[in-house]
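Enquirer: For reference, this is data.txt, and it has compact mmCIF, N, CA and C atoms.
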# COMPACT_ATOMS: atom_id res chain seq x y z
N PRO A 1 -11.70 -8.14 -17.18
CA PRO A 1 -11.79 -8.02 -15.74
C PRO A 1 -11.37 -9.30 -15.03
N ARG A 2 -11.36 -10.43 -15.72
CA ARG A 2 -11.04 -11.69 -15.07
C ARG A 2 -9.64 -11.66 -14.49
N ASP A 3 -8.65 -11.13 -15.24
CA ASP A 3 -7.28 -11.06 -14.73
C ASP A 3 -7.19 -10.16 -13.52
N VAL A 4 -7.86 -9.01 -13.57
CA VAL A 4 -7.84 -8.07 -12.45
C VAL A 4 -8.46 -8.72 -11.22
N VAL A 5 -9.60 -9.37 -11.41
CA VAL A 5 -10.30 -10.00 -10.30
C VAL A 5 -9.48 -11.14 -9.74
N THR A 6 -8.94 -11.98 -10.60
CA THR A 6 -8.15 -13.12 -10.15
C THR A 6 -6.91 -12.65 -9.40
N ASP A 7 -6.22 -11.64 -9.93
CA ASP A 7 -5.05 -11.09 -9.23
C ASP A 7 -5.46 -10.52 -7.90
N SER A 8 -6.58 -9.84 -7.83
CA SER A 8 -7.05 -9.25 -6.59
C SER A 8 -7.33 -10.32 -5.55
N LEU A 9 -7.92 -11.42 -5.98
CA LEU A 9 -8.26 -12.50 -5.05
C LEU A 9 -7.02 -13.16 -4.49
N ASN A 10 -5.96 -13.25 -5.27
CA ASN A 10 -4.75 -13.93 -4.83
C ASN A 10 -3.96 -13.15 -3.80
N GLU A 11 -4.17 -11.85 -3.66
CA GLU A 11 -3.36 -11.03 -2.78
C GLU A 11 -3.88 -10.95 -1.36
N PHE A 12 -5.04 -11.48 -1.05
CA PHE A 12 -5.63 -11.32 0.27
C PHE A 12 -5.76 -12.65 0.97
N GLU A 13 -5.67 -12.58 2.31
CA GLU A 13 -5.76 -13.78 3.11
C GLU A 13 -7.14 -13.93 3.73
N SER A 14 -7.84 -12.86 3.99
CA SER A 14 -9.09 -12.91 4.72
C SER A 14 -10.28 -12.98 3.75
N PRO A 15 -10.89 -14.16 3.61
CA PRO A 15 -12.01 -14.27 2.67
C PRO A 15 -13.31 -13.71 3.23
N ASN A 16 -13.32 -13.20 4.44
CA ASN A 16 -14.54 -12.70 5.04
C ASN A 16 -14.79 -11.22 4.74
N ASP A 17 -13.85 -10.53 4.14
CA ASP A 17 -14.05 -9.12 3.81
C ASP A 17 -15.17 -8.98 2.80
N GLU A 18 -16.00 -7.96 2.99
CA GLU A 18 -17.10 -7.71 2.07
C GLU A 18 -16.60 -7.47 0.65
N SER A 19 -15.50 -6.74 0.53
CA SER A 19 -14.99 -6.44 -0.80
C SER A 19 -14.49 -7.69 -1.50
N LEU A 20 -13.92 -8.61 -0.76
CA LEU A 20 -13.47 -9.85 -1.38
C LEU A 20 -14.65 -10.71 -1.81
N GLU A 21 -15.71 -10.69 -1.02
CA GLU A 21 -16.90 -11.44 -1.41
C GLU A 21 -17.47 -10.90 -2.71
N GLU A 22 -17.45 -9.58 -2.86
CA GLU A 22 -17.92 -8.96 -4.10
C GLU A 22 -17.05 -9.39 -5.27
N LEU A 23 -15.73 -9.41 -5.06
CA LEU A 23 -14.82 -9.82 -6.12
C LEU A 23 -15.05 -11.29 -6.49
N ILE A 24 -15.31 -12.12 -5.49
CA ILE A 24 -15.56 -13.54 -5.75
C ILE A 24 -16.84 -13.69 -6.56
N ARG A 25 -17.90 -12.95 -6.18
CA ARG A 25 -19.15 -13.02 -6.94
C ARG A 25 -18.94 -12.57 -8.38
N LEU A 26 -18.16 -11.50 -8.56
CA LEU A 26 -17.88 -11.01 -9.90
C LEU A 26 -17.10 -12.05 -10.68
N ASP A 27 -16.11 -12.66 -10.04
CA ASP A 27 -15.31 -13.68 -10.70
C ASP A 27 -16.16 -14.89 -11.06
N GLU A 28 -17.03 -15.33 -10.16
CA GLU A 28 -17.90 -16.47 -10.45
C GLU A 28 -18.85 -16.14 -11.59
N GLY A 29 -19.34 -14.91 -11.63
CA GLY A 29 -20.23 -14.50 -12.71
C GLY A 29 -19.53 -14.53 -14.05
N ILE A 30 -18.28 -14.13 -14.07
CA ILE A 30 -17.52 -14.15 -15.32
C ILE A 30 -17.29 -15.59 -15.76
N HIS A 31 -16.95 -16.48 -14.81
CA HIS A 31 -16.78 -17.89 -15.15
C HIS A 31 -18.09 -18.45 -15.70
N GLN A 32 -19.18 -18.11 -15.06
CA GLN A 32 -20.49 -18.60 -15.48
C GLN A 32 -20.80 -18.12 -16.89
N CYS A 33 -20.48 -16.86 -17.14
CA CYS A 33 -20.76 -16.27 -18.44
C CYS A 33 -19.97 -17.00 -19.53
N THR A 34 -18.70 -17.24 -19.31
CA THR A 34 -17.89 -17.88 -20.34
C THR A 34 -18.31 -19.33 -20.53
N ASP A 35 -18.71 -20.02 -19.46
CA ASP A 35 -19.14 -21.41 -19.57
C ASP A 35 -20.51 -21.52 -20.23
N ASP A 36 -21.41 -20.63 -19.91
CA ASP A 36 -22.79 -20.70 -20.39
C ASP A 36 -23.01 -19.93 -21.68
N ASP A 37 -21.98 -19.27 -22.19
CA ASP A 37 -22.15 -18.47 -23.40
C ASP A 37 -22.63 -19.32 -24.56
N GLU A 38 -22.07 -20.54 -24.69
CA GLU A 38 -22.47 -21.39 -25.79
C GLU A 38 -23.92 -21.83 -25.64
N GLN A 39 -24.41 -21.90 -24.40
CA GLN A 39 -25.76 -22.38 -24.16
C GLN A 39 -26.77 -21.24 -24.11
N ASN A 40 -26.36 -20.01 -24.43
CA ASN A 40 -27.22 -18.83 -24.39
C ASN A 40 -27.90 -18.67 -23.04
N SER A 41 -27.11 -18.63 -22.01
CA SER A 41 -27.62 -18.48 -20.65
C SER A 41 -28.19 -17.08 -20.46
N SER A 42 -28.97 -16.93 -19.41
CA SER A 42 -29.59 -15.63 -19.15
C SER A 42 -28.75 -14.77 -18.23
N SER A 43 -27.45 -15.06 -18.11
CA SER A 43 -26.59 -14.23 -17.27
C SER A 43 -26.14 -13.01 -18.07
N GLU A 44 -27.10 -12.22 -18.49
CA GLU A 44 -26.87 -11.06 -19.35
C GLU A 44 -25.95 -10.04 -18.71
N GLU A 45 -26.07 -9.87 -17.37
CA GLU A 45 -25.31 -8.83 -16.68
C GLU A 45 -23.82 -8.99 -16.90
N PHE A 46 -23.30 -10.22 -16.76
CA PHE A 46 -21.87 -10.44 -16.87
C PHE A 46 -21.45 -10.61 -18.33
N CYS A 47 -22.29 -11.18 -19.17
CA CYS A 47 -21.95 -11.36 -20.57
C CYS A 47 -21.85 -10.02 -21.28
N ASN A 48 -22.72 -9.09 -20.90
CA ASN A 48 -22.65 -7.76 -21.50
C ASN A 48 -21.37 -7.06 -21.11
N ASP A 49 -20.85 -7.34 -19.90
CA ASP A 49 -19.58 -6.72 -19.48
C ASP A 49 -18.45 -7.15 -20.40
N LYS A 50 -18.51 -8.40 -20.86
CA LYS A 50 -17.47 -8.90 -21.73
C LYS A 50 -17.54 -8.24 -23.10
N ASP A 51 -18.76 -8.00 -23.58
CA ASP A 51 -18.96 -7.44 -24.91
C ASP A 51 -18.86 -5.92 -24.93
N ASP A 52 -19.29 -5.28 -23.88
CA ASP A 52 -19.35 -3.83 -23.81
C ASP A 52 -18.06 -3.29 -23.18
N PRO A 53 -17.23 -2.56 -23.95
CA PRO A 53 -15.96 -2.07 -23.39
C PRO A 53 -16.15 -1.07 -22.24
N VAL A 54 -17.22 -0.30 -22.28
CA VAL A 54 -17.48 0.67 -21.22
C VAL A 54 -17.81 -0.06 -19.91
N ALA A 55 -18.66 -1.06 -20.02
CA ALA A 55 -19.03 -1.84 -18.83
C ALA A 55 -17.83 -2.62 -18.31
N ARG A 56 -17.00 -3.13 -19.23
CA ARG A 56 -15.80 -3.87 -18.81
C ARG A 56 -14.84 -2.95 -18.05
N LYS A 57 -14.63 -1.74 -18.57
CA LYS A 57 -13.77 -0.77 -17.89
C LYS A 57 -14.34 -0.41 -16.52
N LYS A 58 -15.65 -0.25 -16.46
CA LYS A 58 -16.30 0.08 -15.20
C LYS A 58 -16.09 -1.05 -14.19
N ALA A 59 -16.23 -2.29 -14.63
CA ALA A 59 -16.02 -3.43 -13.74
C ALA A 59 -14.58 -3.51 -13.28
N GLU A 60 -13.63 -3.21 -14.17
CA GLU A 60 -12.21 -3.21 -13.79
C GLU A 60 -11.93 -2.12 -12.76
N ARG A 61 -12.48 -0.93 -12.99
CA ARG A 61 -12.28 0.17 -12.03
C ARG A 61 -12.88 -0.18 -10.68
N LYS A 62 -14.07 -0.77 -10.70
CA LYS A 62 -14.73 -1.15 -9.45
C LYS A 62 -13.92 -2.21 -8.70
N ALA A 63 -13.41 -3.20 -9.42
CA ALA A 63 -12.60 -4.24 -8.78
C ALA A 63 -11.32 -3.65 -8.20
N LEU A 64 -10.68 -2.73 -8.94
CA LEU A 64 -9.47 -2.10 -8.45
C LEU A 64 -9.75 -1.25 -7.21
N LYS A 65 -10.87 -0.53 -7.24
CA LYS A 65 -11.25 0.30 -6.11
C LYS A 65 -11.50 -0.57 -4.87
N LYS A 66 -12.18 -1.68 -5.05
CA LYS A 66 -12.44 -2.59 -3.94
C LYS A 66 -11.14 -3.21 -3.41
N LYS A 67 -10.23 -3.51 -4.30
CA LYS A 67 -8.93 -4.06 -3.90
C LYS A 67 -8.17 -3.05 -3.04
N LYS A 68 -8.13 -1.80 -3.49
CA LYS A 68 -7.43 -0.77 -2.72
C LYS A 68 -8.09 -0.54 -1.37
N LYS A 69 -9.40 -0.58 -1.35
CA LYS A 69 -10.13 -0.40 -0.10
C LYS A 69 -9.81 -1.54 0.86
N ALA A 70 -9.75 -2.76 0.35
CA ALA A 70 -9.41 -3.91 1.20
C ALA A 70 -7.98 -3.81 1.71
N GLU A 71 -7.06 -3.29 0.89
CA GLU A 71 -5.67 -3.09 1.33
C GLU A 71 -5.61 -2.05 2.45
N ARG A 72 -6.35 -0.95 2.30
CA ARG A 72 -6.36 0.07 3.35
C ARG A 72 -6.95 -0.47 4.65
N ARG A 73 -8.02 -1.27 4.52
CA ARG A 73 -8.64 -1.88 5.70
C ARG A 73 -7.65 -2.83 6.39
N ALA A 74 -6.95 -3.63 5.60
CA ALA A 74 -5.97 -4.57 6.16
C ALA A 74 -4.85 -3.82 6.88
N GLN A 75 -4.40 -2.71 6.29
CA GLN A 75 -3.35 -1.91 6.93
C GLN A 75 -3.85 -1.31 8.24
N ARG A 76 -5.06 -0.83 8.23
CA ARG A 76 -5.64 -0.23 9.43
C ARG A 76 -5.80 -1.26 10.55
N GLU A 77 -6.13 -2.50 10.18
CA GLU A 77 -6.34 -3.56 11.15
C GLU A 77 -5.06 -4.28 11.54
N GLY A 78 -3.93 -3.86 10.97
CA GLY A 78 -2.65 -4.47 11.33
C GLY A 78 -2.32 -5.73 10.55
N ARG A 79 -3.06 -6.02 9.47
CA ARG A 79 -2.79 -7.20 8.67
C ARG A 79 -2.07 -6.85 7.38
N GLY A 80 -1.71 -5.60 7.18
CA GLY A 80 -1.15 -5.15 5.91
C GLY A 80 0.36 -5.26 5.85
N ASP A 81 0.93 -4.51 4.95
CA ASP A 81 2.37 -4.50 4.72
C ASP A 81 3.07 -3.86 5.91
N PRO A 82 3.98 -4.59 6.59
CA PRO A 82 4.65 -4.02 7.76
C PRO A 82 5.63 -2.89 7.43
N THR A 83 6.06 -2.77 6.18
CA THR A 83 6.99 -1.72 5.81
C THR A 83 6.28 -0.45 5.34
N ALA A 84 4.96 -0.46 5.27
CA ALA A 84 4.22 0.72 4.82
C ALA A 84 4.39 1.85 5.83
N GLY A 85 4.68 3.04 5.35
CA GLY A 85 4.82 4.19 6.21
C GLY A 85 6.22 4.37 6.77
N GLN A 86 7.12 3.48 6.45
CA GLN A 86 8.48 3.62 6.96
C GLN A 86 9.27 4.58 6.09
N LYS A 87 10.21 5.27 6.72
CA LYS A 87 11.06 6.23 6.03
C LYS A 87 12.49 5.73 6.10
N SER A 88 13.33 6.14 5.17
CA SER A 88 14.72 5.65 5.18
C SER A 88 15.65 6.67 5.84
N CYS A 89 16.62 6.14 6.56
CA CYS A 89 17.63 6.95 7.24
C CYS A 89 18.58 7.52 6.20
N ASP A 90 18.98 8.78 6.37
CA ASP A 90 19.91 9.41 5.43
C ASP A 90 21.34 8.90 5.58
N MET A 91 21.67 8.30 6.72
CA MET A 91 23.03 7.79 6.92
C MET A 91 23.17 6.34 6.47
N CYS A 92 22.24 5.49 6.85
CA CYS A 92 22.38 4.05 6.57
C CYS A 92 21.33 3.50 5.60
N ASP A 93 20.38 4.30 5.19
CA ASP A 93 19.30 3.90 4.26
C ASP A 93 18.41 2.79 4.79
N LYS A 94 18.40 2.57 6.08
CA LYS A 94 17.55 1.56 6.68
C LYS A 94 16.14 2.14 6.83
N GLY A 95 15.11 1.34 6.53
CA GLY A 95 13.73 1.79 6.68
C GLY A 95 13.27 1.65 8.12
N VAL A 96 12.83 2.75 8.73
CA VAL A 96 12.38 2.74 10.12
C VAL A 96 11.09 3.54 10.27
N ASP A 97 10.42 3.34 11.40
CA ASP A 97 9.18 4.06 11.67
C ASP A 97 9.40 5.45 12.22
N LEU A 98 10.52 5.67 12.90
CA LEU A 98 10.77 6.95 13.57
C LEU A 98 12.16 7.46 13.23
N LEU A 99 12.24 8.71 12.80
CA LEU A 99 13.52 9.33 12.47
C LEU A 99 13.74 10.58 13.30
N VAL A 100 15.01 10.92 13.50
CA VAL A 100 15.38 12.15 14.21
C VAL A 100 15.89 13.13 13.17
N ARG A 101 15.34 14.32 13.17
CA ARG A 101 15.80 15.37 12.26
C ARG A 101 16.94 16.10 12.96
N CYS A 102 18.09 16.19 12.29
CA CYS A 102 19.24 16.86 12.91
C CYS A 102 20.25 17.27 11.85
N THR A 103 21.19 18.11 12.25
CA THR A 103 22.37 18.41 11.43
C THR A 103 23.55 17.76 12.14
N TYR A 104 24.50 17.23 11.38
CA TYR A 104 25.63 16.56 12.03
C TYR A 104 26.95 16.74 11.30
N ASP A 105 26.96 17.51 10.20
CA ASP A 105 28.23 17.75 9.51
C ASP A 105 28.37 19.22 9.16
N GLU A 106 29.50 19.57 8.54
CA GLU A 106 29.79 20.98 8.27
C GLU A 106 28.84 21.63 7.28
N THR A 107 28.08 20.88 6.52
CA THR A 107 27.12 21.47 5.58
C THR A 107 25.93 22.07 6.32
N LEU A 108 25.68 21.64 7.55
CA LEU A 108 24.58 22.10 8.38
C LEU A 108 23.21 21.91 7.71
N GLN A 109 23.12 20.92 6.84
CA GLN A 109 21.83 20.60 6.22
C GLN A 109 21.08 19.63 7.13
N TRP A 110 19.75 19.81 7.19
CA TRP A 110 18.94 18.93 8.01
C TRP A 110 18.90 17.54 7.38
N ARG A 111 19.14 16.55 8.19
CA ARG A 111 19.11 15.15 7.76
C ARG A 111 18.17 14.38 8.66
N MET A 112 17.66 13.29 8.13
CA MET A 112 16.78 12.40 8.89
C MET A 112 17.57 11.12 9.19
N VAL A 113 17.79 10.84 10.48
CA VAL A 113 18.59 9.68 10.86
C VAL A 113 17.81 8.78 11.83
N CYS A 114 18.11 7.49 11.76
CA CYS A 114 17.46 6.53 12.66
C CYS A 114 18.11 6.60 14.04
N GLY A 115 17.58 5.86 14.99
CA GLY A 115 18.09 5.89 16.35
C GLY A 115 19.54 5.46 16.47
N GLY A 116 19.93 4.42 15.73
CA GLY A 116 21.32 3.95 15.77
C GLY A 116 22.28 4.99 15.22
N CYS A 117 21.93 5.60 14.11
CA CYS A 117 22.79 6.62 13.50
C CYS A 117 22.77 7.91 14.30
N TRP A 118 21.66 8.17 15.00
CA TRP A 118 21.57 9.38 15.82
C TRP A 118 22.64 9.36 16.90
N LYS A 119 22.90 8.18 17.47
CA LYS A 119 23.94 8.07 18.50
C LYS A 119 25.30 8.43 17.93
N LYS A 120 25.56 8.06 16.67
CA LYS A 120 26.83 8.42 16.02
C LYS A 120 26.88 9.91 15.72
N ALA A 121 25.75 10.47 15.27
CA ALA A 121 25.71 11.88 14.88
C ALA A 121 25.79 12.82 16.08
N SER A 122 25.20 12.43 17.22
CA SER A 122 25.12 13.33 18.36
C SER A 122 26.03 12.93 19.51
N GLY A 123 26.55 11.73 19.46
CA GLY A 123 27.32 11.23 20.59
C GLY A 123 26.41 10.65 21.66
N GLY A 124 25.13 10.49 21.35
CA GLY A 124 24.18 9.94 22.30
C GLY A 124 23.62 10.97 23.27
N VAL A 125 23.95 12.24 23.07
CA VAL A 125 23.49 13.32 23.94
C VAL A 125 22.52 14.18 23.14
N VAL A 126 21.37 14.50 23.73
CA VAL A 126 20.33 15.24 23.02
C VAL A 126 20.83 16.58 22.50
N ASP A 127 21.55 17.31 23.29
CA ASP A 127 22.05 18.62 22.87
C ASP A 127 23.44 18.54 22.24
N GLY A 128 23.95 17.35 22.03
CA GLY A 128 25.28 17.20 21.45
C GLY A 128 26.36 17.41 22.51
N ASP A 129 27.61 17.31 22.09
CA ASP A 129 28.73 17.54 22.99
C ASP A 129 29.86 18.20 22.20
N ASN A 130 30.99 18.46 22.86
CA ASN A 130 32.11 19.17 22.23
C ASN A 130 32.72 18.39 21.07
N SER A 131 32.63 17.08 21.09
CA SER A 131 33.21 16.28 20.00
C SER A 131 32.30 16.22 18.77
N HIS A 132 31.08 16.78 18.86
CA HIS A 132 30.13 16.84 17.74
C HIS A 132 29.65 18.28 17.57
N PRO A 133 30.53 19.18 17.07
CA PRO A 133 30.19 20.60 17.02
C PRO A 133 29.08 20.96 16.03
N TYR A 134 28.84 20.15 15.02
CA TYR A 134 27.84 20.48 14.01
C TYR A 134 26.47 19.89 14.32
N TYR A 135 26.36 19.15 15.41
CA TYR A 135 25.10 18.52 15.73
C TYR A 135 24.08 19.54 16.22
N ARG A 136 22.87 19.41 15.71
CA ARG A 136 21.76 20.24 16.17
C ARG A 136 20.47 19.41 16.04
N TYR A 137 19.71 19.32 17.10
CA TYR A 137 18.49 18.52 17.14
C TYR A 137 17.35 19.27 16.47
N GLY A 138 16.52 18.55 15.73
CA GLY A 138 15.41 19.19 15.02
C GLY A 138 14.07 18.49 15.19
N GLY A 139 13.97 17.54 16.09
CA GLY A 139 12.67 16.90 16.36
C GLY A 139 12.58 15.48 15.83
N LEU A 140 11.47 14.84 16.16
CA LEU A 140 11.20 13.46 15.73
C LEU A 140 10.21 13.47 14.58
N TRP A 141 10.37 12.55 13.66
CA TRP A 141 9.51 12.47 12.49
C TRP A 141 9.09 11.05 12.26
Could I get this file's structure written as structure tokens?
Expert:
Amino acid sequence: PRDVVTDSLNEFESPNDESLEELIRLDEGIHQCTDDDEQNSSSEEFCNDKDDPVARKKAERKALKKKKKAERRAQREGRGDPTAGQKSCDMCDKGVDLLVRCTYDETLQWRMVCGGCWKKASGGVVDGDNSHPYYRYGGLW
């Protein structure tokens, strides 16, 4: 669990999150266990995790769950990954937050295009024009 906990701690900026405090306590307990093992310390809770594979797996799952929860909280609060939730345009493959569903070629297949490509596909007119006969609007996504 030490690697999982250490990796989890390195990915976050806000040390005030409850989940991060739990990870720090778990990490400190593991350090204490490995340092005090030779001295037969009474930190049984963490030492047993090292010896017991079931408890170790449980601690790893718990740390991973807390990490994911902290990531979701960060995303909700606007501190997360800015590219999360973005979709790619079918014409230029650029990742954007909002796409226009439309048809624009002779295949008449629905495509998802960004705002810049939408102007090329439709001519900049919502209902299309005579120079874009295959264009058909299908909503925003």
Enquirer: Report as a tab-separated table: every residue of segment 50-104 of chain A with an atom at most 7 Å from segment 111-133 of chain A, its closest pair of atoms, and their distance in Å to one decimal, counting all atoms listed in the file, with rows sorted by chain and ascending residue number.
Expert:
residue	atom	partner	partner_atom	distance
A:Ser88	C	A:Met112	C	5.9
A:Cys89	CA	A:Cys114	N	4.6
A:Asp90	N	A:Met112	C	3.9
A:Met91	N	A:Val113	CA	5.3
A:Cys92	N	A:Cys114	N	6.7
A:Val96	CA	A:Cys114	CA	6.8
A:Leu98	C	A:Cys114	CA	5.4
A:Leu99	CA	A:Val113	C	4.4
A:Val100	N	A:Val113	C	3.9
A:Arg101	CA	A:Arg111	C	4.4
A:Cys102	C	A:Arg111	N	3.9
A:Thr103	N	A:Arg111	N	4.8
A:Tyr104	CA	A:Ala121	CA	5.5
Enquirer: Suppose you want the space between atom CA of Lys68 of chain A and atom CA of Ala84 of chain A; what is it in Å?
Expert: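 Between these atoms lies a distance of 14.0 Å.
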Enquirer: Could you please determine the separation between atom C of Asp52 of chain A and atom C of Lys67 of chain A in Å, to one decimal place?
Expert: 22.4 Å
Enquirer: One decimal, in Å: what's the spacing between atom CA of Tyr134 of chain A and atom CA of Asp105 of chain A?
Expert: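 Computing the Euclidean distance for atom CA of Tyr134 of chain A and atom CA of Asp105 of chain A yields 5.3 Å.
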Enquirer: Can you tell me which residues surround Asp97 of chain A at a distance of at most 6.5 Å, considering all atoms listed in the file, apart from same-chain residues fewer than 6 positions away, and format the answer as a PDB file with N, CA and C atoms, keeping the file's coordinate frame?
Expert:
ATOM      1  N   GLY A  85       4.680   3.040   5.350  1.00  0.00           N
ATOM      2  CA  GLY A  85       4.820   4.190   6.210  1.00  0.00           C
ATOM      3  C   GLY A  85       6.220   4.370   6.770  1.00  0.00           C
ATOM      4  N   GLN A  86       7.120   3.480   6.450  1.00  0.00           N
ATOM      5  CA  GLN A  86       8.480   3.620   6.960  1.00  0.00           C
ATOM      6  C   GLN A  86       9.270   4.580   6.090  1.00  0.00           C
ATOM      7  N   LYS A  87      10.210   5.270   6.720  1.00  0.00           N
ATOM      8  CA  LYS A  87      11.060   6.230   6.030  1.00  0.00           C
ATOM      9  C   LYS A  87      12.490   5.730   6.100  1.00  0.00           C
ATOM     10  N   TRP A 141      10.370  12.550  13.660  1.00  0.00           N
ATOM     11  CA  TRP A 141       9.510  12.470  12.490  1.00  0.00           C
ATOM     12  C   TRP A 141       9.090  11.050  12.260  1.00  0.00           C
TER      13      TRP A 141
END
Enquirer: Segment 96-109 of chain A, all listed atoms, 6 Å padding on each side: what axis-aligned box centre and edge lengths in Å to one decimal come out, as AutoDock Vina command-line options?
Expert:
--center_x 19.5 --center_y 12.4 --center_z 9.9 --size_x 32.6 --size_y 31.4 --size_z 20.6
Enquirer: Just checking: using only C-alpha atoms, which residue out of A:Arg56, A:Ala70, A:Gly80, A:Glu106 ends up closest to Arg136 of chain A?
Expert: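 The closest residue to Arg136 of chain A is A:Glu106.
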